[in-house]
Amino acid sequence: MVPSELDRYTLTLHTAHYVFHAMPGTKAANDIERIAAYQEQWFERITQAFGVVMDAPIHYYLTNSPEDAGKIYGDDEPCNGFAWGPHTVVATYNDQVVCLGAHEDTHLITQRIAWPDSPFISEGVAMYMDGCWWGKDNVWWVKRFVADGSFVPLRAMLSKEDFFSHSEAITYPISGAFTRFAMERLGKEGFIQRVYSSKKPVQSALTEAFGKALPEIEADFLTWIDALNPPEEYKADIVF
C-alpha cells in the first residue's frame with residue numbers, strides 16, 4: 001500500500017467501529033453518513049457471527065474510481081476494493097461501482113481468528129457473508145455452473161495457484177456456497193475450529209473435519225446444491 005496516496009482523503013467521519021475517509025467533493029463525501037450506517041450494520045453482523053472483538057477501528061478509504069484504488073494498492077492496476085490488514089479497507093464508490101457490504105470487512109474481522117493459506121477458505125468465508133455474487137445467490141450460480149458444465153471441482157480450487165487460475169466469477173460463488181454447506185454440516189464453530197483455523201493443508205483439514213474423502217464431500221455438496229431453489233434475485237436483509 002502507498003501511504004502517501006491516502007493524504008488526499010481529508011474528509012473524515014468517526015463512528016462506533018470505523019473511521020471513514022473521502023476526498024471532498026466526491027459522491028462518497030456526499031453519501032458518507034449513509035455509507036457509515038450501512039457498514040456499521042455489517043460490522044455487527046460479522047462480529048456476532050464469528051465472535052470477534054476488534055481492538056481498533058477499521059479505516060475505510062472511499063476512492064472515486066478503481067484507478068485510484070489501484071494507486072493506493074501500489075501496482076496501479078484498477079480494482080474495486082481490497083482489505084489491507086490489520087485495520088484498513090479501500091473501497092471504490094461512484095455512480096457505477098459501489099464496493100460496500102460484508103466482503104472486505106469480513107476479511108479484516110476474521111483475520112483475528114486466523115488467515116488461511118487457501119483463498120478457497122478465506123474468500124469462501126467472505127462470500128458466505130456476502131451471500132451473493134452480482135445480485136444472485138451463490139447457490140444460484142453453482143447450480144448454473146453445474147448445468148452448463150463450468151463447475152470447477154473442489155480439488156482444482158484448494159491451492160492459491162489453482163484458485164486464481166480460474167475466473168473469480170466461478171471460484172468466488174462456489175467457495176461461498178461451499179462455506180455455507182460446510183457450516184451447516186459441521187456447525188459454525190466446527191467449521192471455524194477444524195477448517196478455517198486449521199494449520200493442516202486444506203484438503204487434509206476438510207477430509208478430517210467431514211470424515212470423508214474429498215470426492216465424497218463434493219458429491220454431498222452437489223446433492224445439497226441440487227436440493228436448494230434460490231430465487232432469481234438475491235434478497236438482502238441489510239439494504240444499502
# chains A, B, ... in the order shown; residues from 1 in each chain; ligands from 1
$ select_by_dssp --residues "range 63-220 of chain A" --states "alpha helix (DSSP H)" --output "number ranges by chain"
A: 66-73, 103-110, 119-130, 138-148, 160-163, 168-186, 188-191, 202-210, 214-220
$ write_last_selection --atoms "C-alpha atoms" --output "PDB file, in the first residue's frame"
ATOM      1  CA  PRO A  66     -10.927   1.747  -9.415  1.00  0.00           C
ATOM      2  CA  GLU A  67      -7.843   3.518 -10.772  1.00  0.00           C
ATOM      3  CA  ASP A  68      -7.492   5.454  -7.519  1.00  0.00           C
ATOM      4  CA  ALA A  69      -7.810   2.209  -5.562  1.00  0.00           C
ATOM      5  CA  GLY A  70      -5.040   0.702  -7.689  1.00  0.00           C
ATOM      6  CA  LYS A  71      -2.775   3.646  -6.935  1.00  0.00           C
ATOM      7  CA  ILE A  72      -3.288   3.138  -3.216  1.00  0.00           C
ATOM      8  CA  TYR A  73      -2.603  -0.596  -3.548  1.00  0.00           C
ATOM      9  CA  HIS A 103     -16.753  -8.821   1.973  1.00  0.00           C
ATOM     10  CA  GLU A 104     -13.668  -6.781   2.832  1.00  0.00           C
ATOM     11  CA  ASP A 105     -14.793  -6.226   6.427  1.00  0.00           C
ATOM     12  CA  THR A 106     -15.149  -9.988   6.843  1.00  0.00           C
ATOM     13  CA  HIS A 107     -11.538 -10.448   5.760  1.00  0.00           C
ATOM     14  CA  LEU A 108     -10.273  -7.978   8.361  1.00  0.00           C
ATOM     15  CA  ILE A 109     -12.506  -9.219  11.161  1.00  0.00           C
ATOM     16  CA  THR A 110     -11.865 -12.934  10.639  1.00  0.00           C
ATOM     17  CA  PRO A 119      -8.154 -18.471  -0.726  1.00  0.00           C
ATOM     18  CA  PHE A 120     -10.878 -21.073  -1.260  1.00  0.00           C
ATOM     19  CA  ILE A 121     -11.369 -20.903   2.517  1.00  0.00           C
ATOM     20  CA  SER A 122     -10.651 -17.205   3.169  1.00  0.00           C
ATOM     21  CA  GLU A 123     -12.629 -15.927   0.174  1.00  0.00           C
ATOM     22  CA  GLY A 124     -15.284 -18.525   0.900  1.00  0.00           C
ATOM     23  CA  VAL A 125     -15.951 -17.039   4.327  1.00  0.00           C
ATOM     24  CA  ALA A 126     -16.192 -13.531   2.864  1.00  0.00           C
ATOM     25  CA  MET A 127     -18.506 -14.770   0.108  1.00  0.00           C
ATOM     26  CA  TYR A 128     -20.580 -16.640   2.681  1.00  0.00           C
ATOM     27  CA  MET A 129     -21.192 -13.334   4.459  1.00  0.00           C
ATOM     28  CA  ASP A 130     -21.946 -11.619   1.143  1.00  0.00           C
ATOM     29  CA  ASN A 138     -24.078 -18.028  -4.515  1.00  0.00           C
ATOM     30  CA  VAL A 139     -26.107 -21.235  -4.733  1.00  0.00           C
ATOM     31  CA  TRP A 140     -27.913 -19.951  -7.849  1.00  0.00           C
ATOM     32  CA  TRP A 141     -24.544 -19.570  -9.546  1.00  0.00           C
ATOM     33  CA  VAL A 142     -23.325 -23.029  -8.570  1.00  0.00           C
ATOM     34  CA  LYS A 143     -26.493 -24.604  -9.948  1.00  0.00           C
ATOM     35  CA  ARG A 144     -25.851 -22.746 -13.200  1.00  0.00           C
ATOM     36  CA  PHE A 145     -22.197 -23.858 -13.333  1.00  0.00           C
ATOM     37  CA  VAL A 146     -23.227 -27.483 -12.828  1.00  0.00           C
ATOM     38  CA  ALA A 147     -25.890 -27.190 -15.546  1.00  0.00           C
ATOM     39  CA  ASP A 148     -23.605 -25.596 -18.148  1.00  0.00           C
ATOM     40  CA  LYS A 160      -3.795 -20.455  -4.088  1.00  0.00           C
ATOM     41  CA  GLU A 161      -2.354 -21.105  -7.542  1.00  0.00           C
ATOM     42  CA  ASP A 162      -5.294 -23.270  -8.600  1.00  0.00           C
ATOM     43  CA  PHE A 163      -7.912 -20.923  -7.151  1.00  0.00           C
ATOM     44  CA  GLU A 168     -13.217 -15.384  -9.962  1.00  0.00           C
ATOM     45  CA  ALA A 169     -16.730 -15.294 -11.401  1.00  0.00           C
ATOM     46  CA  ILE A 170     -16.732 -19.071 -10.862  1.00  0.00           C
ATOM     47  CA  THR A 171     -14.431 -19.650  -7.878  1.00  0.00           C
ATOM     48  CA  TYR A 172     -15.903 -16.968  -5.626  1.00  0.00           C
ATOM     49  CA  PRO A 173     -19.562 -18.107  -5.722  1.00  0.00           C
ATOM     50  CA  ILE A 174     -18.541 -21.777  -5.391  1.00  0.00           C
ATOM     51  CA  SER A 175     -16.370 -21.032  -2.374  1.00  0.00           C
ATOM     52  CA  GLY A 176     -19.169 -19.018  -0.748  1.00  0.00           C
ATOM     53  CA  ALA A 177     -21.772 -21.702  -1.331  1.00  0.00           C
ATOM     54  CA  PHE A 178     -19.415 -24.411  -0.088  1.00  0.00           C
ATOM     55  CA  THR A 179     -18.704 -22.440   3.086  1.00  0.00           C
ATOM     56  CA  ARG A 180     -22.442 -22.242   3.768  1.00  0.00           C
ATOM     57  CA  PHE A 181     -22.713 -26.002   3.188  1.00  0.00           C
ATOM     58  CA  ALA A 182     -19.728 -26.714   5.444  1.00  0.00           C
ATOM     59  CA  MET A 183     -21.087 -24.551   8.240  1.00  0.00           C
ATOM     60  CA  GLU A 184     -24.449 -26.300   8.053  1.00  0.00           C
ATOM     61  CA  ARG A 185     -22.827 -29.736   8.174  1.00  0.00           C
ATOM     62  CA  LEU A 186     -20.054 -29.058  10.687  1.00  0.00           C
ATOM     63  CA  LYS A 188     -20.187 -22.766  12.602  1.00  0.00           C
ATOM     64  CA  GLU A 189     -17.817 -23.444  15.489  1.00  0.00           C
ATOM     65  CA  GLY A 190     -16.801 -26.784  13.998  1.00  0.00           C
ATOM     66  CA  PHE A 191     -16.002 -25.162  10.665  1.00  0.00           C
ATOM     67  CA  VAL A 202      -6.738 -27.543   3.369  1.00  0.00           C
ATOM     68  CA  GLN A 203      -7.613 -30.906   1.830  1.00  0.00           C
ATOM     69  CA  SER A 204      -6.487 -32.730   4.980  1.00  0.00           C
ATOM     70  CA  ALA A 205      -8.452 -30.312   7.149  1.00  0.00           C
ATOM     71  CA  LEU A 206     -11.603 -30.867   5.095  1.00  0.00           C
ATOM     72  CA  THR A 207     -11.351 -34.650   4.941  1.00  0.00           C
ATOM     73  CA  GLU A 208     -10.677 -34.918   8.682  1.00  0.00           C
ATOM     74  CA  ALA A 209     -13.468 -32.494   9.565  1.00  0.00           C
ATOM     75  CA  PHE A 210     -16.042 -34.281   7.385  1.00  0.00           C
ATOM     76  CA  LEU A 214     -12.771 -35.110  -0.962  1.00  0.00           C
ATOM     77  CA  PRO A 215     -14.821 -36.691  -3.818  1.00  0.00           C
ATOM     78  CA  GLU A 216     -17.443 -37.764  -1.262  1.00  0.00           C
ATOM     79  CA  ILE A 217     -17.527 -34.287   0.258  1.00  0.00           C
ATOM     80  CA  GLU A 218     -18.004 -32.799  -3.202  1.00  0.00           C
ATOM     81  CA  ALA A 219     -20.775 -35.276  -4.011  1.00  0.00           C
ATOM     82  CA  ASP A 220     -22.592 -34.334  -0.798  1.00  0.00           C
TER      83      ASP A 220
END
$ residues_around --residues "range 47-64 of chain A" --least-positions-apart "3" --cutoff "7 Å" --atoms "only C-alpha atoms" --output "list of chain:residue names"
A:His17, A:Tyr18, A:Val19, A:Phe20, A:His21, A:Ala22, A:Thr26, A:Ala28, A:Phe43, A:Glu44, A:Asp68, A:Ala69, A:His87, A:Thr88, A:Val89, A:Val90, A:Ala91, A:Thr92, A:Tyr93, A:Asn94, A:Ile109
$ residues_around --residues "Gly25 in chain A" --least-positions-apart "4" --cutoff "12 Å" --atoms "only C-alpha atoms" --output "ChimeraX atom specification"
/A:8-11,29-32,63-64,94
$ residues_around --residues "Gly135 in chain A" --least-positions-apart "5" --cutoff "10 Å" --atoms "only C-alpha atoms" --output "PDB file with C-alpha atoms, in the first residue's frame"
ATOM      1  CA  GLU A 232     -33.763 -15.429  -9.255  1.00  0.00           C
ATOM      2  CA  GLU A 233     -32.720 -12.267  -7.399  1.00  0.00           C
ATOM      3  CA  TYR A 234     -30.883 -12.259  -4.082  1.00  0.00           C
ATOM      4  CA  LYS A 235     -32.991 -10.733  -1.314  1.00  0.00           C
ATOM      5  CA  ALA A 236     -30.622  -8.952   1.069  1.00  0.00           C
TER       6      ALA A 236
END
$ closest_residue --among "A:Cys79, A:Leu6, A:Met157, A:Ile35" --to "Met23 in chain A" --atoms "only C-alpha atoms"
A:Leu6
$ closest_residue --among "A:Pro201, A:Gly74, A:Pro153, A:Gly101" --to "Ala36 in chain A" --atoms "only C-alpha atoms"
A:Gly101
$ atom_distance --atom1 "CA of Trp42 in chain A" --atom2 "CA of Ala16 in chain A"
12.5 Å
$ atom_distance --atom1 "CA of Ala37 in chain A" --atom2 "CA of Trp115 in chain A"
27.4 Å
$ select_by_dssp --residues "chain A" --states "strand (DSSP E or B)" --output "short mmCIF file (atom, residue, chain, number, x, y, z; two decimals) with N, CA and C atoms, in the first residue's frame"
data_model
loop_
_atom_site.label_atom_id
_atom_site.label_comp_id
_atom_site.auth_asym_id
_atom_site.auth_seq_id
_atom_site.Cartn_x
_atom_site.Cartn_y
_atom_site.Cartn_z
N LEU A 11 -11.57 14.37 4.20
CA LEU A 11 -12.87 14.42 4.88
C LEU A 11 -13.05 13.13 5.65
N THR A 12 -13.29 13.23 6.94
CA THR A 12 -13.40 12.03 7.77
C THR A 12 -14.69 12.03 8.59
N LEU A 13 -15.15 10.83 8.88
CA LEU A 13 -16.31 10.63 9.75
C LEU A 13 -15.98 9.47 10.69
N HIS A 14 -16.06 9.72 11.99
CA HIS A 14 -15.81 8.71 13.00
C HIS A 14 -17.14 8.12 13.46
N TYR A 18 -15.61 2.52 13.06
CA TYR A 18 -14.92 2.88 11.82
C TYR A 18 -14.44 4.32 11.87
N VAL A 19 -13.48 4.60 10.98
CA VAL A 19 -13.18 5.97 10.56
C VAL A 19 -13.27 5.96 9.03
N PHE A 20 -14.21 6.72 8.49
CA PHE A 20 -14.39 6.78 7.04
C PHE A 20 -13.65 8.00 6.49
N HIS A 21 -12.96 7.79 5.36
CA HIS A 21 -12.16 8.85 4.74
C HIS A 21 -12.63 9.01 3.29
N ALA A 22 -12.82 10.25 2.87
CA ALA A 22 -13.22 10.51 1.49
C ALA A 22 -12.54 11.79 1.00
N ILE A 58 -11.81 0.25 12.14
CA ILE A 58 -11.46 -0.01 10.74
C ILE A 58 -11.46 1.33 10.00
N HIS A 59 -10.39 1.58 9.27
CA HIS A 59 -10.30 2.80 8.46
C HIS A 59 -10.73 2.49 7.03
N TYR A 60 -11.76 3.17 6.58
CA TYR A 60 -12.32 2.98 5.23
C TYR A 60 -11.92 4.16 4.36
N TYR A 61 -11.18 3.90 3.29
CA TYR A 61 -10.82 4.93 2.32
C TYR A 61 -11.71 4.74 1.10
N LEU A 62 -12.57 5.70 0.87
CA LEU A 62 -13.58 5.63 -0.19
C LEU A 62 -13.06 6.33 -1.43
N THR A 63 -12.56 5.54 -2.38
CA THR A 63 -11.96 6.11 -3.59
C THR A 63 -13.03 6.47 -4.61
N GLY A 81 -11.80 -2.71 -4.82
CA GLY A 81 -11.53 -2.56 -3.40
C GLY A 81 -10.67 -3.68 -2.88
N PHE A 82 -10.13 -3.49 -1.68
CA PHE A 82 -9.32 -4.52 -1.05
C PHE A 82 -9.21 -4.24 0.44
N ALA A 83 -8.91 -5.30 1.19
CA ALA A 83 -8.62 -5.18 2.62
C ALA A 83 -7.12 -5.23 2.81
N TRP A 84 -6.61 -4.40 3.69
CA TRP A 84 -5.18 -4.36 3.99
C TRP A 84 -5.03 -4.41 5.50
N THR A 88 -7.43 -1.67 7.63
CA THR A 88 -7.71 -0.77 6.52
C THR A 88 -8.50 -1.46 5.42
N VAL A 89 -9.52 -0.75 4.93
CA VAL A 89 -10.26 -1.16 3.73
C VAL A 89 -10.22 -0.01 2.75
N VAL A 90 -9.96 -0.32 1.49
CA VAL A 90 -10.04 0.65 0.40
C VAL A 90 -11.20 0.21 -0.48
N ALA A 91 -12.13 1.13 -0.76
CA ALA A 91 -13.35 0.74 -1.47
C ALA A 91 -13.76 1.84 -2.45
N THR A 92 -14.01 1.45 -3.70
CA THR A 92 -14.47 2.40 -4.71
C THR A 92 -15.95 2.69 -4.52
N TYR A 93 -16.29 3.96 -4.64
CA TYR A 93 -17.69 4.36 -4.52
C TYR A 93 -17.96 5.49 -5.50
N VAL A 98 -20.18 0.41 -6.44
CA VAL A 98 -20.44 0.58 -5.01
C VAL A 98 -19.83 -0.62 -4.29
N CYS A 132 -24.07 -13.52 -1.94
CA CYS A 132 -24.42 -13.42 -3.36
C CYS A 132 -23.23 -12.94 -4.18
N TRP A 133 -23.39 -13.01 -5.48
CA TRP A 133 -22.41 -12.53 -6.45
C TRP A 133 -23.19 -11.89 -7.59
N LYS A 136 -27.06 -12.24 -7.37
CA LYS A 136 -27.70 -13.55 -7.34
C LYS A 136 -27.03 -14.41 -6.28
N ASP A 137 -27.85 -15.23 -5.62
CA ASP A 137 -27.38 -16.10 -4.55
C ASP A 137 -26.20 -16.94 -5.03
#
